[in-house]
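The next block is model_38.pdb, given as PDB, C-alpha atoms, pLDDT in the B column.
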ATOM      1  CA  MET T   1      33.487  -0.127 -89.740  1.00 43.00           C
ATOM      2  CA  MET T   2      33.326  -0.922 -86.016  1.00 39.00           C
ATOM      3  CA  LYS T   3      30.771   1.855 -85.492  1.00 41.00           C
ATOM      4  CA  GLN T   4      28.626   0.449 -88.277  1.00 43.00           C
ATOM      5  CA  LEU T   5      28.865  -3.046 -86.813  1.00 38.00           C
ATOM      6  CA  PHE T   6      27.936  -1.731 -83.370  1.00 39.00           C
ATOM      7  CA  SER T   7      24.933   0.054 -84.840  1.00 44.00           C
ATOM      8  CA  LEU T   8      23.723  -3.091 -86.604  1.00 40.00           C
ATOM      9  CA  VAL T   9      24.089  -5.159 -83.422  1.00 38.00           C
ATOM     10  CA  THR T  10      22.215  -2.505 -81.430  1.00 39.00           C
ATOM     11  CA  ILE T  11      19.343  -2.492 -83.931  1.00 37.00           C
ATOM     12  CA  ALA T  12      19.165  -6.304 -83.849  1.00 40.00           C
ATOM     13  CA  VAL T  13      19.033  -6.337 -80.047  1.00 36.00           C
ATOM     14  CA  VAL T  14      16.248  -3.747 -80.068  1.00 35.00           C
ATOM     15  CA  PHE T  15      14.172  -5.854 -82.478  1.00 35.00           C
ATOM     16  CA  VAL T  16      14.705  -9.006 -80.387  1.00 35.00           C
ATOM     17  CA  PHE T  17      13.647  -7.090 -77.273  1.00 37.00           C
ATOM     18  CA  MET T  18      10.562  -5.772 -79.017  1.00 37.00           C
ATOM     19  CA  GLY T  19       9.662  -9.231 -80.274  1.00 39.00           C
ATOM     20  CA  THR T  20       9.864 -10.781 -76.817  1.00 39.00           C
ATOM     21  CA  SER T  21       8.312  -7.892 -74.908  1.00 41.00           C
ATOM     22  CA  PHE T  22       5.360  -7.176 -77.138  1.00 44.00           C
ATOM     23  CA  GLY T  23       4.491 -10.691 -78.310  1.00 51.00           C
ATOM     24  CA  GLN T  24       0.861 -10.135 -77.345  1.00 70.00           C
ATOM     25  CA  THR T  25       0.489  -8.020 -80.493  1.00 91.00           C
ATOM     26  CA  PRO T  26      -1.247 -10.013 -83.251  1.00 95.00           C
ATOM     27  CA  GLY T  27       1.248 -11.650 -85.581  1.00 96.00           C
ATOM     28  CA  THR T  28       4.333 -11.198 -83.426  1.00 95.00           C
ATOM     29  CA  GLY T  29       4.830 -14.695 -82.084  1.00 96.00           C
ATOM     30  CA  ILE T  30       3.568 -16.898 -79.289  1.00 96.00           C
ATOM     31  CA  THR T  31       5.365 -14.964 -76.537  1.00 96.00           C
ATOM     32  CA  GLY T  32       2.767 -12.927 -74.673  1.00 94.00           C
ATOM     33  CA  SER T  33      -0.106 -14.411 -76.684  1.00 95.00           C
ATOM     34  CA  ASP T  34      -3.058 -16.352 -75.296  1.00 93.00           C
ATOM     35  CA  HIS T  35      -1.037 -19.552 -75.752  1.00 96.00           C
ATOM     36  CA  ASP T  36       1.894 -18.370 -73.635  1.00 97.00           C
ATOM     37  CA  PHE T  37       1.575 -20.150 -70.273  1.00 95.00           C
ATOM     38  CA  SER T  38       5.141 -19.458 -69.128  1.00 97.00           C
ATOM     39  CA  SER T  39       3.904 -17.236 -66.290  1.00 96.00           C
ATOM     40  CA  SER T  40       1.835 -20.096 -64.837  1.00 95.00           C
ATOM     41  CA  GLY T  41       3.587 -22.004 -62.077  1.00 95.00           C
ATOM     42  CA  TRP T  42       2.663 -25.383 -63.510  1.00 95.00           C
ATOM     43  CA  SER T  43       4.469 -24.639 -66.812  1.00 96.00           C
ATOM     44  CA  GLY T  44       7.912 -24.495 -65.268  1.00 95.00           C
ATOM     45  CA  GLY T  45       8.364 -21.130 -66.948  1.00 96.00           C
ATOM     46  CA  GLU T  46       8.363 -22.689 -70.405  1.00 96.00           C
ATOM     47  CA  ILE T  47       6.165 -21.867 -73.395  1.00 95.00           C
ATOM     48  CA  CYS T  48       6.421 -24.728 -75.886  1.00 96.00           C
ATOM     49  CA  ILE T  49       6.419 -27.657 -73.445  1.00 96.00           C
ATOM     50  CA  VAL T  50       2.666 -27.557 -72.829  1.00 97.00           C
ATOM     51  CA  CYS T  51       2.153 -28.848 -76.388  1.00 97.00           C
ATOM     52  CA  HIS T  52       5.581 -29.974 -77.638  1.00 97.00           C
ATOM     53  CA  THR T  53       8.648 -31.675 -76.208  1.00 96.00           C
ATOM     54  CA  PRO T  54      12.073 -32.450 -77.678  1.00 95.00           C
ATOM     55  CA  HIS T  55      12.225 -35.838 -75.913  1.00 95.00           C
ATOM     56  CA  HIS T  56       9.788 -38.712 -75.285  1.00 94.00           C
ATOM     57  CA  ALA T  57       7.058 -37.221 -77.467  1.00 96.00           C
ATOM     58  CA  ASP T  58       3.779 -38.936 -78.293  1.00 94.00           C
ATOM     59  CA  ASN T  59       4.513 -40.062 -81.838  1.00 91.00           C
ATOM     60  CA  THR T  60       1.060 -41.611 -82.235  1.00 91.00           C
ATOM     61  CA  VAL T  61      -0.380 -38.136 -82.788  1.00 91.00           C
ATOM     62  CA  SER T  62      -0.434 -37.085 -86.432  1.00 83.00           C
ATOM     63  CA  ASP T  63      -0.131 -33.525 -87.759  1.00 81.00           C
ATOM     64  CA  ALA T  64       1.630 -32.484 -84.550  1.00 89.00           C
ATOM     65  CA  PRO T  65       5.417 -32.714 -84.305  1.00 92.00           C
ATOM     66  CA  LEU T  66       6.782 -33.883 -80.940  1.00 96.00           C
ATOM     67  CA  TRP T  67       3.355 -33.771 -79.268  1.00 97.00           C
ATOM     68  CA  ASN T  68       3.355 -33.555 -75.456  1.00 98.00           C
ATOM     69  CA  HIS T  69      -0.243 -32.887 -74.340  1.00 98.00           C
ATOM     70  CA  GLU T  70      -2.955 -35.357 -73.362  1.00 97.00           C
ATOM     71  CA  VAL T  71      -5.382 -35.880 -76.239  1.00 97.00           C
ATOM     72  CA  THR T  72      -9.107 -35.719 -75.587  1.00 97.00           C
ATOM     73  CA  THR T  73     -11.166 -38.900 -75.774  1.00 97.00           C
ATOM     74  CA  ALA T  74     -14.504 -37.080 -75.598  1.00 98.00           C
ATOM     75  CA  THR T  75     -17.357 -37.808 -77.974  1.00 98.00           C
ATOM     76  CA  PHE T  76     -18.527 -34.618 -79.641  1.00 98.00           C
ATOM     77  CA  THR T  77     -21.857 -33.507 -81.036  1.00 98.00           C
ATOM     78  CA  PRO T  78     -20.880 -32.169 -84.479  1.00 98.00           C
ATOM     79  CA  TYR T  79     -22.544 -29.408 -86.436  1.00 97.00           C
ATOM     80  CA  SER T  80     -25.377 -30.521 -88.675  1.00 95.00           C
ATOM     81  CA  SER T  81     -27.788 -28.761 -91.003  1.00 95.00           C
ATOM     82  CA  SER T  82     -30.278 -29.715 -93.696  1.00 93.00           C
ATOM     83  CA  THR T  83     -28.373 -27.418 -96.075  1.00 92.00           C
ATOM     84  CA  LEU T  84     -24.932 -28.811 -95.256  1.00 95.00           C
ATOM     85  CA  ASN T  85     -23.335 -30.698 -98.132  1.00 96.00           C
ATOM     86  CA  ALA T  86     -20.182 -31.657 -96.274  1.00 97.00           C
ATOM     87  CA  THR T  87     -19.882 -34.876 -94.282  1.00 96.00           C
ATOM     88  CA  VAL T  88     -19.000 -33.907 -90.719  1.00 98.00           C
ATOM     89  CA  GLY T  89     -18.064 -36.524 -88.144  1.00 97.00           C
ATOM     90  CA  GLN T  90     -15.915 -36.512 -85.028  1.00 98.00           C
ATOM     91  CA  PRO T  91     -13.102 -33.952 -84.895  1.00 98.00           C
ATOM     92  CA  ASP T  92      -9.720 -35.298 -85.970  1.00 97.00           C
ATOM     93  CA  GLY T  93      -6.233 -34.078 -86.785  1.00 95.00           C
ATOM     94  CA  VAL T  94      -5.233 -30.692 -85.439  1.00 96.00           C
ATOM     95  CA  SER T  95      -8.820 -29.834 -84.475  1.00 98.00           C
ATOM     96  CA  LYS T  96      -8.842 -32.695 -81.972  1.00 97.00           C
ATOM     97  CA  LEU T  97      -5.598 -31.345 -80.537  1.00 97.00           C
ATOM     98  CA  CYS T  98      -7.117 -27.890 -80.113  1.00 98.00           C
ATOM     99  CA  LEU T  99     -10.108 -29.449 -78.388  1.00 98.00           C
ATOM    100  CA  SER T 100      -7.747 -31.279 -76.041  1.00 98.00           C
ATOM    101  CA  CYS T 101      -7.814 -28.054 -74.047  1.00 98.00           C
ATOM    102  CA  HIS T 102     -10.827 -26.224 -75.390  1.00 98.00           C
ATOM    103  CA  ASP T 103     -13.401 -28.989 -74.883  1.00 98.00           C
ATOM    104  CA  GLY T 104     -13.158 -28.604 -71.102  1.00 98.00           C
ATOM    105  CA  THR T 105     -12.599 -32.318 -70.435  1.00 98.00           C
ATOM    106  CA  VAL T 106      -8.789 -32.202 -70.372  1.00 98.00           C
ATOM    107  CA  ALA T 107      -6.786 -29.937 -68.076  1.00 98.00           C
ATOM    108  CA  ILE T 108      -4.421 -27.446 -69.672  1.00 98.00           C
ATOM    109  CA  ASP T 109      -1.632 -28.741 -67.442  1.00 98.00           C
ATOM    110  CA  ASN T 110      -2.073 -32.367 -68.564  1.00 98.00           C
ATOM    111  CA  PHE T 111       1.196 -32.619 -70.445  1.00 98.00           C
ATOM    112  CA  GLY T 112       4.378 -34.623 -70.231  1.00 96.00           C
ATOM    113  CA  GLY T 113       2.453 -37.723 -69.163  1.00 95.00           C
ATOM    114  CA  THR T 114       0.454 -35.951 -66.443  1.00 95.00           C
ATOM    115  CA  THR T 115      -3.260 -36.731 -66.430  1.00 95.00           C
ATOM    116  CA  ASN T 116      -4.297 -35.249 -63.086  1.00 95.00           C
ATOM    117  CA  GLY T 117      -3.966 -31.546 -63.805  1.00 96.00           C
ATOM    118  CA  SER T 118      -6.424 -29.114 -62.247  1.00 96.00           C
ATOM    119  CA  ASN T 119      -6.290 -26.094 -64.546  1.00 97.00           C
ATOM    120  CA  MET T 120      -9.336 -26.335 -66.781  1.00 97.00           C
ATOM    121  CA  ILE T 121     -10.080 -23.874 -69.556  1.00 96.00           C
ATOM    122  CA  ASN T 122     -13.032 -21.559 -68.957  1.00 95.00           C
ATOM    123  CA  GLY T 123     -14.730 -18.394 -70.108  1.00 95.00           C
ATOM    124  CA  ASN T 124     -14.987 -17.578 -73.796  1.00 93.00           C
ATOM    125  CA  GLU T 125     -12.184 -20.043 -74.562  1.00 95.00           C
ATOM    126  CA  LEU T 126     -14.331 -22.994 -73.419  1.00 98.00           C
ATOM    127  CA  ILE T 127     -15.960 -24.579 -76.477  1.00 98.00           C
ATOM    128  CA  GLY T 128     -17.208 -27.757 -74.807  1.00 98.00           C
ATOM    129  CA  THR T 129     -18.170 -31.020 -76.473  1.00 98.00           C
ATOM    130  CA  ASP T 130     -21.349 -29.753 -78.128  1.00 98.00           C
ATOM    131  CA  LEU T 131     -20.146 -28.389 -81.457  1.00 98.00           C
ATOM    132  CA  SER T 132     -23.606 -28.194 -82.990  1.00 97.00           C
ATOM    133  CA  ASP T 133     -23.558 -24.405 -82.850  1.00 96.00           C
ATOM    134  CA  ASP T 134     -19.956 -23.983 -84.000  1.00 97.00           C
ATOM    135  CA  HIS T 135     -18.449 -23.875 -87.474  1.00 97.00           C
ATOM    136  CA  PRO T 136     -17.971 -27.479 -88.639  1.00 98.00           C
ATOM    137  CA  VAL T 137     -14.434 -28.848 -88.663  1.00 98.00           C
ATOM    138  CA  SER T 138     -12.609 -31.960 -89.842  1.00 98.00           C
ATOM    139  CA  PHE T 139     -14.522 -32.292 -93.084  1.00 98.00           C
ATOM    140  CA  THR T 140     -13.154 -32.658 -96.590  1.00 98.00           C
ATOM    141  CA  TYR T 141     -13.301 -29.370 -98.464  1.00 98.00           C
ATOM    142  CA  ASP T 142     -12.471 -29.952-102.103  1.00 98.00           C
ATOM    143  CA  ALA T 143     -13.634 -29.156-105.622  1.00 98.00           C
ATOM    144  CA  THR T 144     -16.371 -31.791-105.363  1.00 98.00           C
ATOM    145  CA  LEU T 145     -17.858 -30.175-102.264  1.00 98.00           C
ATOM    146  CA  ALA T 146     -17.610 -26.712-103.824  1.00 98.00           C
ATOM    147  CA  SER T 147     -19.510 -27.924-106.882  1.00 97.00           C
ATOM    148  CA  ALA T 148     -22.214 -29.644-104.831  1.00 96.00           C
ATOM    149  CA  ASP T 149     -22.637 -26.730-102.441  1.00 96.00           C
ATOM    150  CA  GLY T 150     -22.516 -23.796-104.841  1.00 95.00           C
ATOM    151  CA  GLY T 151     -21.935 -21.389-101.985  1.00 96.00           C
ATOM    152  CA  VAL T 152     -18.226 -21.958-101.383  1.00 98.00           C
ATOM    153  CA  TYR T 153     -15.243 -21.421-103.641  1.00 98.00           C
ATOM    154  CA  ASP T 154     -13.217 -24.233-105.155  1.00 98.00           C
ATOM    155  CA  PRO T 155     -10.287 -24.415-102.694  1.00 98.00           C
ATOM    156  CA  THR T 156      -7.933 -25.768-105.337  1.00 98.00           C
ATOM    157  CA  THR T 157      -8.178 -22.607-107.433  1.00 98.00           C
ATOM    158  CA  ALA T 158      -9.515 -19.820-105.190  1.00 98.00           C
ATOM    159  CA  ASN T 159      -7.008 -17.342-103.789  1.00 98.00           C
ATOM    160  CA  SER T 160      -6.682 -17.503 -99.997  1.00 98.00           C
ATOM    161  CA  GLY T 161      -5.263 -14.014 -99.625  1.00 97.00           C
ATOM    162  CA  LEU T 162      -2.330 -15.611 -97.822  1.00 97.00           C
ATOM    163  CA  GLY T 163      -0.124 -16.218-100.817  1.00 97.00           C
ATOM    164  CA  SER T 164      -1.612 -19.192-102.620  1.00 98.00           C
ATOM    165  CA  THR T 165      -4.853 -21.177-102.798  1.00 98.00           C
ATOM    166  CA  ILE T 166      -7.241 -22.030 -99.988  1.00 98.00           C
ATOM    167  CA  ASP T 167      -6.157 -25.644-100.254  1.00 98.00           C
ATOM    168  CA  SER T 168      -2.450 -24.837 -99.982  1.00 98.00           C
ATOM    169  CA  ASP T 169      -2.659 -22.204 -97.254  1.00 98.00           C
ATOM    170  CA  MET T 170      -5.628 -23.112 -95.078  1.00 98.00           C
ATOM    171  CA  LEU T 171      -6.434 -26.818 -95.319  1.00 98.00           C
ATOM    172  CA  THR T 172      -4.705 -29.845 -93.818  1.00 96.00           C
ATOM    173  CA  ASP T 173      -4.866 -32.963 -95.958  1.00 95.00           C
ATOM    174  CA  ASN T 174      -7.761 -31.362 -97.862  1.00 97.00           C
ATOM    175  CA  LYS T 175      -9.711 -30.888 -94.627  1.00 98.00           C
ATOM    176  CA  LEU T 176     -10.932 -27.732 -92.963  1.00 98.00           C
ATOM    177  CA  GLN T 177      -9.675 -27.699 -89.386  1.00 98.00           C
ATOM    178  CA  CYS T 178      -9.467 -25.187 -86.532  1.00 98.00           C
ATOM    179  CA  SER T 179      -6.082 -24.168 -87.921  1.00 97.00           C
ATOM    180  CA  SER T 180      -7.746 -23.096 -91.173  1.00 98.00           C
ATOM    181  CA  CYS T 181      -8.928 -19.957 -89.403  1.00 98.00           C
ATOM    182  CA  HIS T 182      -6.710 -19.773 -86.304  1.00 98.00           C
ATOM    183  CA  ASP T 183      -2.922 -19.515 -86.033  1.00 97.00           C
ATOM    184  CA  VAL T 184      -2.112 -21.155 -82.695  1.00 96.00           C
ATOM    185  CA  HIS T 185       1.427 -19.772 -82.770  1.00 96.00           C
ATOM    186  CA  ASN T 186       0.365 -16.186 -83.504  1.00 97.00           C
ATOM    187  CA  GLY T 187       2.739 -16.167 -86.462  1.00 95.00           C
ATOM    188  CA  PRO T 188       3.378 -13.406 -89.001  1.00 93.00           C
ATOM    189  CA  GLY T 189       0.096 -12.257 -90.476  1.00 93.00           C
ATOM    190  CA  ALA T 190      -2.012 -13.420 -87.536  1.00 96.00           C
ATOM    191  CA  ALA T 191      -4.785 -11.063 -86.474  1.00 96.00           C
ATOM    192  CA  ASP T 192      -6.845 -10.538 -83.328  1.00 94.00           C
ATOM    193  CA  LYS T 193      -8.051 -13.749 -81.618  1.00 93.00           C
ATOM    194  CA  LEU T 194      -5.230 -15.618 -83.387  1.00 96.00           C
ATOM    195  CA  LEU T 195      -7.064 -15.500 -86.702  1.00 98.00           C
ATOM    196  CA  VAL T 196      -4.967 -16.215 -89.778  1.00 98.00           C
ATOM    197  CA  MET T 197      -6.136 -12.877 -91.162  1.00 98.00           C
ATOM    198  CA  SER T 198      -8.387 -10.023 -90.131  1.00 97.00           C
ATOM    199  CA  ASN T 199     -12.099 -10.719 -90.329  1.00 97.00           C
ATOM    200  CA  ALA T 200     -12.981  -7.053 -90.835  1.00 97.00           C
ATOM    201  CA  ASN T 201     -16.002  -6.876 -93.142  1.00 97.00           C
ATOM    202  CA  SER T 202     -16.127 -10.698 -92.885  1.00 98.00           C
ATOM    203  CA  ALA T 203     -12.971 -10.959 -95.028  1.00 98.00           C
ATOM    204  CA  LEU T 204     -11.932 -14.283 -93.517  1.00 98.00           C
ATOM    205  CA  CYS T 205     -15.403 -15.798 -93.884  1.00 98.00           C
ATOM    206  CA  LEU T 206     -15.662 -14.592 -97.479  1.00 98.00           C
ATOM    207  CA  THR T 207     -12.358 -16.225 -98.362  1.00 98.00           C
ATOM    208  CA  CYS T 208     -14.228 -19.529 -98.603  1.00 98.00           C
ATOM    209  CA  HIS T 209     -17.893 -18.540 -98.692  1.00 98.00           C
ATOM    210  CA  ASN T 210     -19.153 -17.209-102.017  1.00 96.00           C
ATOM    211  CA  LYS T 211     -21.844 -14.858-100.746  1.00 89.00           C
TER     212      LYS T 211
END

Render the structure in this file as structure tokens.
Amino acid sequence: MMKQLFSLVTIAVVFVFMGTSFGQTPGTGITGSDHDFSSSGWSGGEICIVCHTPHHADNTVSDAPLWNHEVTTATFTPYSSSTLNATVGQPDGVSKLCLSCHDGTVAIDNFGGTTNGSNMINGNELIGTDLSDDHPVSFTYDATLASADGGVYDPTTANSGLGSTIDSDMLTDNKLQCSSCHDVHNGPGAADKLLVMSNANSALCLTCHNK
């Protein structure tokens, strides 16, 4: 019995080690992923604190438990098109939180009340404030839009491929947000570039788009 118990403990330790050492693998957690800043001196060696804190959180931020990062106040140029049936305005909800690093106006290390950080996002991760050439976000995606558009599936009935409907698995308060396509925590099922699923053969795009 003791040998069996020892074996089970050994296996558990191995899996924990693998999970923490190889977190950069898609779908294996935030450790080692693009959102792990624990190796940066300004993070204090912590991972979660850049976005979340257990004490003195900013409770004015919705859709983000125990929020700890400065929120962008930038004015964005949203996507627009003559064929777009959705009403797209300024980013809100979780998309605004994503842009609080990715818009390039707020430093990554502006957290915990700090507003004078110097580490700005750059490279391919920099989206900027001009969203006119990016997929629209923060718009209501419902059965009414699907009917008016004709080129997207009804999110209340269409299968997301993630276990339930598009509405249940990918939308927040019936809105399409950055988190509809990206898993910021690199959770189980996440794919390359923190996508919620692989986009091989445009699978992620075709989850919503009826083409």

For region 137-166 of chain T against region 191-208 of chain T, with a cut-off of 7 Å and counting only C-alpha atoms, what is the closest atom pair and its distance in Å to one decimal for every residue that makes the cut, ordered by chain and number, as a Markdown table?
| residue | atom | partner | partner_atom | distance |
| --- | --- | --- | --- | --- |
| T:Val152 | CA | T:Cys208 | CA | 5.4 |
| T:Tyr153 | CA | T:Cys208 | CA | 5.5 |
| T:Ser160 | CA | T:Thr207 | CA | 6.0 |

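Our summary of the geometry notes that CA of Asp154 (chain T) is positioned 24.6 Å from CA of Asp133 (chain T).
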
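Closest approach to Val94 (chain T) from the set T:Ser147, T:Asn210, T:Thr72, T:Thr172 is made by T:Thr172, with distances taken over only C-alpha atoms.
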
*Run the PyMOL selection byres ((chain T and resi 86) around 7) mentally over the shown coordinates, then write out the matched residues as a list in words, using the chain letters and numbers from the document.*
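Output of the PyMOL selection byres ((chain T and resi 86) around 7): Leu84, Asn85, Thr87, Val88, Phe139 and Leu145 of chain T.
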
*Test item: the PyMOL selection byres ((chain T and resi 30) around 12) resolved as an NGL selection string*: :T and (19-29 or 31-38 or 46-48 or 183-188 or 190 or 194)

*asked:* Could you check the closest approach to Thr60 (chain T) for each of T:Gly93, T:Gly117, T:Gly104, T:Gly161 and tell me which residue wins, using only C-alpha atoms?
replied: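 Closest candidate: T:Gly93.
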
_Ground truth for the PyMOL selection byres ((chain T and resi 156) around 9), written as a PyMOL selection string_ = chain T and resi 142-143+153-155+157-159+165-168

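Shortest atom-to-atom contact with Ser100 (chain T) among T:Ala148, T:Cys51, T:Leu131, T:Leu66: T:Cys51, counting all atoms listed in the file.
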
_Length of the CA of His56 (chain T) to CA of Phe111 (chain T) vector [Å]_ =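 Interatomic distance, CA of His56 (chain T) to CA of Phe111 (chain T): 11.6 Å.
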
*Out of T:Gly151, T:Cys98, T:Gly189, T:Asn110, which residue has the shortest atom-to-atom distance to Lys211 (chain T) when counting all atoms listed in the file?*
T:Gly151

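For the pair CA of Pro65 (chain T) and CA of His52 (chain T), the separation is 7.2 Å.
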
*Within 10 Å of Gly128 (chain T), counting all atoms listed in the file, which residues qualify if same-chain residues fewer than 6 places away don't, as a VMD selection string?*
chain T and resid 74 76 to 77 99 101 to 105 121 to 122

Quick one: 5 Å padding each side, axis-aligned, all listed atoms of region 114-118 of chain T - centre and edge lengths in Å to one decimal, as lines of an AutoDock Vina configuration file?
center_x = -3.0
center_y = -32.9
center_z = -64.3
size_x = 16.9
size_y = 17.6
size_z = 14.2

_Contacts of His135 (chain T) at 12 Å (all atoms listed in the file; same-chain gap of 6+ positions) as a ChimeraX atom specification_ = /T:78-81,84,86,88,91,95,127,176-178,180-181,205

*Using only C-alpha atoms, pick whichever of T:Ser40, T:Ala107, T:Ser179, T:His209 has the shortest atom-to-atom distance to Asp63 (chain T).*
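Ranked by minimum distance to Asp63 (chain T), first place goes to T:Ser179.
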